[in-house]
Structure formats: structure tokens, C-alpha cells
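Chemist: coords06.cif is reproduced in full below (mmCIF, C-alpha atoms).
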```cif
data_start
#
loop_
_atom_site.group_PDB
_atom_site.id
_atom_site.type_symbol
_atom_site.label_atom_id
_atom_site.label_comp_id
_atom_site.auth_asym_id
_atom_site.auth_seq_id
_atom_site.Cartn_x
_atom_site.Cartn_y
_atom_site.Cartn_z
ATOM 1 C CA MET A 1 7.670 11.970 16.337
ATOM 2 C CA THR A 2 8.270 8.987 14.061
ATOM 3 C CA LYS A 3 5.427 7.170 12.342
ATOM 4 C CA GLY A 4 5.621 3.598 11.102
ATOM 5 C CA ALA A 5 4.343 2.139 7.836
ATOM 6 C CA LEU A 6 4.388 -1.603 7.138
ATOM 7 C CA PHE A 7 3.465 -2.990 3.717
ATOM 8 C CA VAL A 8 2.107 -6.525 3.588
ATOM 9 C CA CYS A 9 1.336 -8.985 0.799
ATOM 10 C CA LEU A 10 1.080 -12.739 0.638
ATOM 11 C CA GLY A 11 4.770 -13.673 0.309
ATOM 12 C CA ASN A 12 6.745 -10.404 0.676
ATOM 13 C CA ILE A 13 8.676 -10.878 -2.570
ATOM 14 C CA CYS A 14 6.602 -8.869 -5.098
ATOM 15 C CA ARG A 15 4.088 -6.220 -4.099
ATOM 16 C CA SER A 16 5.053 -5.346 -0.532
ATOM 17 C CA PRO A 17 8.806 -4.912 -1.183
ATOM 18 C CA ILE A 18 7.948 -2.652 -4.129
ATOM 19 C CA ALA A 19 5.595 -0.613 -1.910
ATOM 20 C CA ASP A 20 8.215 -0.523 0.884
ATOM 21 C CA ALA A 21 10.910 0.707 -1.532
ATOM 22 C CA VAL A 22 8.609 3.270 -3.177
ATOM 23 C CA PHE A 23 7.388 4.674 0.153
ATOM 24 C CA SER A 24 10.956 4.881 1.513
ATOM 25 C CA HIS A 25 12.070 6.632 -1.678
ATOM 26 C CA LEU A 26 9.167 9.104 -1.563
ATOM 27 C CA VAL A 27 9.665 10.068 2.103
ATOM 28 C CA LYS A 28 13.358 10.630 1.346
ATOM 29 C CA GLU A 29 12.457 12.839 -1.644
ATOM 30 C CA ARG A 30 10.025 14.791 0.557
ATOM 31 C CA GLY A 31 12.674 15.278 3.269
ATOM 32 C CA LEU A 32 10.707 13.099 5.698
ATOM 33 C CA ALA A 33 12.987 10.054 5.966
ATOM 34 C CA ASP A 34 13.717 10.778 9.644
ATOM 35 C CA LYS A 35 9.968 10.904 10.366
ATOM 36 C CA TRP A 36 9.099 7.424 9.078
ATOM 37 C CA LYS A 37 10.021 3.855 9.924
ATOM 38 C CA VAL A 38 9.218 1.705 6.880
ATOM 39 C CA ASP A 39 9.252 -2.059 6.357
ATOM 40 C CA SER A 40 7.391 -4.867 4.621
ATOM 41 C CA ALA A 41 6.265 -8.352 5.578
ATOM 42 C CA ALA A 42 4.341 -11.396 4.395
ATOM 43 C CA ILE A 43 1.153 -13.067 5.501
ATOM 44 C CA GLY A 44 2.898 -16.440 5.073
ATOM 45 C CA GLY A 45 6.469 -17.445 5.784
ATOM 46 C CA TRP A 46 7.252 -19.409 2.601
ATOM 47 C CA HIS A 47 9.837 -16.938 1.301
ATOM 48 C CA ALA A 48 11.293 -15.753 4.640
ATOM 49 C CA GLY A 49 14.910 -14.693 4.214
ATOM 50 C CA ASN A 50 14.715 -14.468 0.425
ATOM 51 C CA PRO A 51 15.315 -11.344 -1.655
ATOM 52 C CA PRO A 52 12.445 -10.021 -3.800
ATOM 53 C CA ASP A 53 11.448 -11.722 -7.037
ATOM 54 C CA SER A 54 14.025 -10.786 -9.690
ATOM 55 C CA ARG A 55 11.313 -9.025 -11.723
ATOM 56 C CA ALA A 56 10.418 -6.840 -8.724
ATOM 57 C CA SER A 57 14.103 -5.994 -8.182
ATOM 58 C CA ARG A 58 14.579 -5.206 -11.863
ATOM 59 C CA THR A 59 11.520 -2.944 -11.879
ATOM 60 C CA LEU A 60 12.853 -0.986 -8.905
ATOM 61 C CA LEU A 61 16.306 -0.727 -10.517
ATOM 62 C CA ASN A 62 14.717 0.571 -13.728
ATOM 63 C CA HIS A 63 13.266 3.440 -11.679
ATOM 64 C CA ASN A 64 16.440 4.041 -9.619
ATOM 65 C CA VAL A 65 14.618 3.071 -6.429
ATOM 66 C CA PRO A 66 16.937 1.235 -4.032
ATOM 67 C CA TYR A 67 15.864 -1.807 -2.009
ATOM 68 C CA ASN A 68 17.899 -4.386 -0.135
ATOM 69 C CA GLY A 69 15.319 -5.992 2.150
ATOM 70 C CA ARG A 70 14.574 -9.662 2.630
ATOM 71 C CA ALA A 71 11.205 -11.353 3.035
ATOM 72 C CA ARG A 72 9.847 -11.900 6.522
ATOM 73 C CA GLN A 73 6.540 -12.952 8.005
ATOM 74 C CA ILE A 74 4.439 -10.455 9.937
ATOM 75 C CA GLU A 75 4.733 -10.764 13.715
ATOM 76 C CA GLU A 76 2.375 -9.851 16.516
ATOM 77 C CA SER A 77 4.711 -7.048 17.609
ATOM 78 C CA ASP A 78 4.292 -5.347 14.210
ATOM 79 C CA PHE A 79 0.729 -4.435 15.140
ATOM 80 C CA PHE A 80 2.099 -2.491 18.120
ATOM 81 C CA ASP A 81 5.234 -1.100 16.427
ATOM 82 C CA PHE A 82 3.668 0.328 13.259
ATOM 83 C CA ASP A 83 1.008 3.020 12.994
ATOM 84 C CA TYR A 84 -0.194 1.900 9.559
ATOM 85 C CA ILE A 85 -0.228 -1.582 8.076
ATOM 86 C CA PHE A 86 -1.103 -1.628 4.388
ATOM 87 C CA GLY A 87 -2.492 -4.691 2.636
ATOM 88 C CA MET A 88 -2.353 -5.023 -1.126
ATOM 89 C CA ASP A 89 -5.709 -6.761 -1.647
ATOM 90 C CA ASN A 90 -8.858 -7.719 0.246
ATOM 91 C CA ASN A 91 -7.467 -11.127 1.260
ATOM 92 C CA ASN A 92 -4.449 -9.425 2.845
ATOM 93 C CA ILE A 93 -6.777 -7.064 4.718
ATOM 94 C CA SER A 94 -8.927 -9.951 5.945
ATOM 95 C CA ASN A 95 -5.865 -11.884 7.137
ATOM 96 C CA LEU A 96 -4.398 -8.834 8.855
ATOM 97 C CA LYS A 97 -7.639 -8.005 10.654
ATOM 98 C CA GLY A 98 -7.871 -11.619 11.787
ATOM 99 C CA GLN A 99 -4.331 -11.538 13.177
ATOM 100 C CA GLN A 100 -4.484 -8.092 14.789
ATOM 101 C CA PRO A 101 -4.147 -8.386 18.563
ATOM 102 C CA GLU A 102 -6.590 -6.529 20.746
ATOM 103 C CA GLY A 103 -5.210 -3.214 21.978
ATOM 104 C CA SER A 104 -2.698 -2.793 19.158
ATOM 105 C CA LYS A 105 -2.307 0.634 17.600
ATOM 106 C CA ALA A 106 -1.926 -0.192 13.892
ATOM 107 C CA LYS A 107 -4.541 1.025 11.456
ATOM 108 C CA ILE A 108 -5.050 -1.605 8.763
ATOM 109 C CA LEU A 109 -5.552 0.043 5.393
ATOM 110 C CA LEU A 110 -5.872 -1.048 1.773
ATOM 111 C CA LEU A 111 -2.986 0.678 -0.024
ATOM 112 C CA GLY A 112 -4.993 1.077 -3.228
ATOM 113 C CA ASP A 113 -7.599 3.160 -1.404
ATOM 114 C CA PHE A 114 -5.119 6.033 -1.768
ATOM 115 C CA ASP A 115 -4.716 5.656 -5.551
ATOM 116 C CA PRO A 116 -6.229 8.774 -7.137
ATOM 117 C CA GLU A 117 -7.019 6.697 -10.241
ATOM 118 C CA GLY A 118 -9.209 4.418 -8.127
ATOM 119 C CA ASP A 119 -7.188 1.270 -8.865
ATOM 120 C CA ARG A 120 -7.858 -0.214 -5.414
ATOM 121 C CA ILE A 121 -6.470 -3.738 -5.708
ATOM 122 C CA ILE A 122 -2.777 -4.188 -6.341
ATOM 123 C CA ARG A 123 -2.878 -7.419 -8.304
ATOM 124 C CA ASP A 124 -0.254 -10.027 -7.521
ATOM 125 C CA PRO A 125 2.108 -10.256 -10.553
ATOM 126 C CA TYR A 126 3.967 -13.308 -9.207
ATOM 127 C CA TYR A 127 2.467 -15.803 -11.668
ATOM 128 C CA ASP A 128 2.828 -13.505 -14.684
ATOM 129 C CA SER A 129 5.229 -14.705 -17.364
ATOM 130 C CA GLY A 130 6.759 -11.270 -17.919
ATOM 131 C CA SER A 131 7.420 -8.132 -15.949
ATOM 132 C CA GLN A 132 4.482 -5.953 -17.104
ATOM 133 C CA GLY A 133 2.529 -6.751 -13.939
ATOM 134 C CA PHE A 134 5.478 -5.607 -11.831
ATOM 135 C CA GLU A 135 5.608 -2.287 -13.659
ATOM 136 C CA LYS A 136 1.858 -1.851 -13.108
ATOM 137 C CA CYS A 137 2.345 -2.682 -9.412
ATOM 138 C CA TYR A 138 5.151 -0.111 -9.217
ATOM 139 C CA GLN A 139 2.988 2.610 -10.785
ATOM 140 C CA GLN A 140 0.061 1.794 -8.462
ATOM 141 C CA CYS A 141 2.398 1.974 -5.453
ATOM 142 C CA VAL A 142 3.793 5.344 -6.544
ATOM 143 C CA ARG A 143 0.296 6.805 -6.929
ATOM 144 C CA SER A 144 -1.034 5.226 -3.727
ATOM 145 C CA CYS A 145 1.959 6.109 -1.536
ATOM 146 C CA ASN A 146 1.927 9.694 -2.814
ATOM 147 C CA GLY A 147 -1.821 9.843 -2.203
ATOM 148 C CA PHE A 148 -1.381 8.591 1.354
ATOM 149 C CA LEU A 149 1.504 10.969 2.095
ATOM 150 C CA ASP A 150 -0.483 13.893 0.676
ATOM 151 C CA ARG A 151 -3.415 13.077 2.967
ATOM 152 C CA VAL A 152 -1.080 12.812 5.977
ATOM 153 C CA ALA A 153 0.460 16.181 5.072
ATOM 154 C CA GLN A 154 -3.040 17.703 4.888
ATOM 155 C CA GLY A 155 -3.880 16.301 8.319
ATOM 156 C CA GLN A 156 -6.591 14.027 6.900
ATOM 157 C CA ILE A 157 -5.071 10.886 8.412
#
```
I need this file expressed as C-alpha cells, please.
Modeler:
Amino acid sequence: MTKGALFVCLGNICRSPIADAVFSHLVKERGLADKWKVDSAAIGGWHAGNPPDSRASRTLLNHNVPYNGRARQIEESDFFDFDYIFGMDNNNISNLKGQQPEGSKAKILLLGDFDPEGDRIIRDPYYDSGSQGFEKCYQQCVRSCNGFLDRVAQGQI
């Protein structure tokens, strides 16, 4: 049985594509790629159709993590198609809960809740002048996605 994980941030060009790429990479490494459908989306549609921010792409390349997705806005059907929808911060979670249709199956979760270091909020690095924030985002996503996958493997989720 396939499970679905959707990663959501404000514009789908920084945090959520990094989380999408990291999660996809980790499930492949764990031999679970055929068990997961993975994607990312935005709260808003400003960047729809665009590739990730160049700093996000560079960060993923530096870690040999492939990604070729394009930004898209979350749709009502996503709440029925995905088992887990991860927000990157409390505003994302609030927006997602406000948009979630009644009767949908998706569990809305804060990705950082699975970070064993307790770094719950994945800060938006978009307005940073350099790429340090993107590297921090990448590291948070690695820890959080591994933490989530470990809990799934242990039957805790």
C-alpha cells in the first residue's frame, strides 16, 4: 500500500522543495521508494510553474540530492490524495487547517515536530542574502524526515 507525503510552504520554491527532495532521497535510500508518493506545494500561487530558488537548488546539488520539480499551489484534491501534509511553520499549519475540506484523509503535521534536536520551525531562508539559511533548512529537513520515517517504521504513526 502506498502512502502519500506532501510538503507545503508559502511559495514552494525554498523549504518545501528541499523537504520533498530530501524525503524522496531518504525513502529511496531505505528501499521504500515504491511505498511513497511524494510532492510539494505552496500556500500561495505566486511562483507556480517556477523552479526552486537557485540557492535551494544549489544546496540540494551540494548534497547530491536530485530534484526537478516546479512550484504549484495546493489544491483541494491534495487533502484527499495525500496521507500526510507537512507544513514548515505555524502559519503554514494554520492555513492548511483552514483549507482542509471536511472528510479528507490528510493528517496535517508540522515537519519540525519530528526533528530530534527540537528545532520545530523551519525558518524561511528566502529573504536571506546568502545560502546559509538554505543549508540549515536542508539539515532540519534531513533530521525531521528521518525522524518521521523512523516513527512510521516503528508503527508510531
Chemist: So what do you get for CA of Asp124 in chain A versus CA of Lys107 in chain A, distance-wise?
Modeler: 22.4 Å
Chemist: Determine the residue membership of the PyMOL selection byres ((chain A and resi 104) around 10) for the file above and supply it as a list in words.
Modeler: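 Expected selection for the PyMOL selection byres ((chain A and resi 104) around 10) here is Glu76, Ser77, Asp78, Phe79, Phe80, Asp81, Phe82, Asp83, Gln100, Pro101, Glu102, Gly103, Lys105, Ala106 and Lys107 of chain A.
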Chemist: Evaluate the PyMOL selection byres ((chain A and resi 43) around 6) here and jot the selected residues down as a list in words.
Modeler: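 Selected by the PyMOL selection byres ((chain A and resi 43) around 6) in this file: Leu10, Ala42, Gly44 and Gln73 of chain A.
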Chemist: I'd like to know which of A:Ala21, A:Phe134, A:Ile74, A:Asn50 is closest to Leu96 in chain A, using all atoms listed in the file.
Modeler: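 Selected residue with least distance to Leu96 in chain A: A:Ile74.
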Chemist: So how many Å separate CA of Met88 in chain A and CA of Ile121 in chain A, to one decimal?
Modeler: 6.3 Å
Chemist: For the structure just given, write the atoms of range 100-148 of chain A, namely N, CA and C atoms, as a compact mmCIF listing (two decimals), in the first residue's frame.
Modeler:
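In the end it all went to part-v9.txt:
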```
# COMPACT_ATOMS: atom_id res chain seq x y z
N GLN A 100 -8.44 22.76 4.74
CA GLN A 100 -8.72 21.32 4.68
C GLN A 100 -10.22 21.06 4.57
N PRO A 101 -10.63 20.38 3.51
CA PRO A 101 -12.06 20.06 3.36
C PRO A 101 -12.51 19.00 4.36
N GLU A 102 -13.74 19.10 4.77
CA GLU A 102 -14.30 18.12 5.67
C GLU A 102 -14.30 16.75 4.99
N GLY A 103 -13.94 15.72 5.76
CA GLY A 103 -13.95 14.36 5.23
C GLY A 103 -12.67 13.96 4.52
N SER A 104 -11.71 14.85 4.43
CA SER A 104 -10.44 14.49 3.78
C SER A 104 -9.59 13.66 4.72
N LYS A 105 -8.68 12.88 4.14
CA LYS A 105 -7.91 11.94 4.95
C LYS A 105 -6.58 12.47 5.47
N ALA A 106 -6.07 13.54 4.90
CA ALA A 106 -4.72 14.01 5.23
C ALA A 106 -4.59 14.42 6.69
N LYS A 107 -3.48 13.98 7.29
CA LYS A 107 -3.10 14.46 8.61
C LYS A 107 -2.16 15.63 8.38
N ILE A 108 -2.48 16.77 8.99
CA ILE A 108 -1.65 17.96 8.84
C ILE A 108 -0.67 17.99 10.01
N LEU A 109 0.61 18.00 9.67
CA LEU A 109 1.66 17.89 10.67
C LEU A 109 2.73 18.96 10.46
N LEU A 110 3.33 19.41 11.54
CA LEU A 110 4.46 20.33 11.48
C LEU A 110 5.72 19.48 11.29
N LEU A 111 6.41 19.66 10.17
CA LEU A 111 7.57 18.82 9.87
C LEU A 111 8.59 18.84 11.00
N GLY A 112 8.84 20.01 11.56
CA GLY A 112 9.84 20.15 12.61
C GLY A 112 9.51 19.41 13.90
N ASP A 113 8.27 18.97 14.06
CA ASP A 113 7.92 18.18 15.24
C ASP A 113 8.67 16.85 15.26
N PHE A 114 9.23 16.46 14.13
CA PHE A 114 9.95 15.18 14.04
C PHE A 114 11.47 15.37 14.11
N ASP A 115 11.92 16.60 14.34
CA ASP A 115 13.35 16.88 14.46
C ASP A 115 13.81 16.47 15.85
N PRO A 116 14.70 15.48 15.96
CA PRO A 116 15.15 15.04 17.27
C PRO A 116 15.90 16.14 18.05
N GLU A 117 16.37 17.17 17.37
CA GLU A 117 17.04 18.27 18.05
C GLU A 117 16.04 19.32 18.54
N GLY A 118 14.75 19.11 18.25
CA GLY A 118 13.72 20.00 18.76
C GLY A 118 13.62 21.33 18.03
N ASP A 119 14.20 21.41 16.85
CA ASP A 119 14.16 22.64 16.04
C ASP A 119 12.86 22.63 15.23
N ARG A 120 11.76 23.02 15.85
CA ARG A 120 10.42 22.80 15.31
C ARG A 120 10.05 23.63 14.10
N ILE A 121 10.52 24.85 14.02
CA ILE A 121 10.12 25.75 12.93
C ILE A 121 11.23 25.81 11.88
N ILE A 122 10.88 25.46 10.67
CA ILE A 122 11.84 25.55 9.58
C ILE A 122 11.70 26.96 9.01
N ARG A 123 12.65 27.80 9.40
CA ARG A 123 12.60 29.21 9.06
C ARG A 123 12.76 29.41 7.56
N ASP A 124 12.01 30.36 7.03
CA ASP A 124 12.05 30.65 5.60
C ASP A 124 13.33 31.40 5.26
N PRO A 125 14.24 30.81 4.45
CA PRO A 125 15.50 31.48 4.11
C PRO A 125 15.42 32.38 2.88
N TYR A 126 14.23 32.56 2.33
CA TYR A 126 14.05 33.27 1.07
C TYR A 126 14.68 34.66 1.08
N TYR A 127 14.50 35.40 2.14
CA TYR A 127 14.99 36.79 2.19
C TYR A 127 16.43 36.91 2.69
N ASP A 128 17.07 35.78 2.96
CA ASP A 128 18.48 35.80 3.37
C ASP A 128 19.34 36.26 2.20
N SER A 129 20.45 36.90 2.51
CA SER A 129 21.34 37.36 1.43
C SER A 129 22.23 36.23 0.91
N GLY A 130 22.52 35.25 1.75
CA GLY A 130 23.38 34.15 1.33
C GLY A 130 22.63 32.83 1.31
N SER A 131 23.39 31.76 1.38
CA SER A 131 22.77 30.43 1.31
C SER A 131 22.82 29.65 2.63
N GLN A 132 23.32 30.30 3.72
CA GLN A 132 23.42 29.60 5.00
C GLN A 132 22.06 29.12 5.49
N GLY A 133 21.04 29.93 5.31
CA GLY A 133 19.69 29.54 5.73
C GLY A 133 19.17 28.33 4.98
N PHE A 134 19.59 28.18 3.73
CA PHE A 134 19.17 27.04 2.92
C PHE A 134 19.85 25.76 3.42
N GLU A 135 21.10 25.89 3.81
CA GLU A 135 21.82 24.74 4.37
C GLU A 135 21.18 24.33 5.69
N LYS A 136 20.83 25.31 6.53
CA LYS A 136 20.16 24.99 7.79
C LYS A 136 18.83 24.30 7.52
N CYS A 137 18.06 24.81 6.56
CA CYS A 137 16.79 24.21 6.17
C CYS A 137 17.00 22.76 5.73
N TYR A 138 18.03 22.54 4.91
CA TYR A 138 18.34 21.19 4.44
C TYR A 138 18.61 20.25 5.62
N GLN A 139 19.44 20.69 6.55
CA GLN A 139 19.79 19.85 7.70
C GLN A 139 18.56 19.56 8.57
N GLN A 140 17.70 20.57 8.77
CA GLN A 140 16.47 20.36 9.53
C GLN A 140 15.58 19.33 8.82
N CYS A 141 15.49 19.44 7.49
CA CYS A 141 14.65 18.51 6.73
C CYS A 141 15.19 17.09 6.81
N VAL A 142 16.50 16.93 6.74
CA VAL A 142 17.09 15.59 6.86
C VAL A 142 16.73 14.99 8.21
N ARG A 143 16.95 15.75 9.28
CA ARG A 143 16.65 15.24 10.63
C ARG A 143 15.16 14.94 10.78
N SER A 144 14.32 15.86 10.34
CA SER A 144 12.88 15.72 10.53
C SER A 144 12.30 14.59 9.69
N CYS A 145 12.73 14.48 8.44
CA CYS A 145 12.22 13.41 7.57
C CYS A 145 12.68 12.05 8.08
N ASN A 146 13.93 11.95 8.51
CA ASN A 146 14.40 10.70 9.11
C ASN A 146 13.61 10.38 10.38
N GLY A 147 13.37 11.39 11.20
CA GLY A 147 12.60 11.19 12.43
C GLY A 147 11.20 10.69 12.13
N PHE A 148 10.55 11.28 11.13
CA PHE A 148 9.22 10.84 10.74
C PHE A 148 9.26 9.41 10.22
```
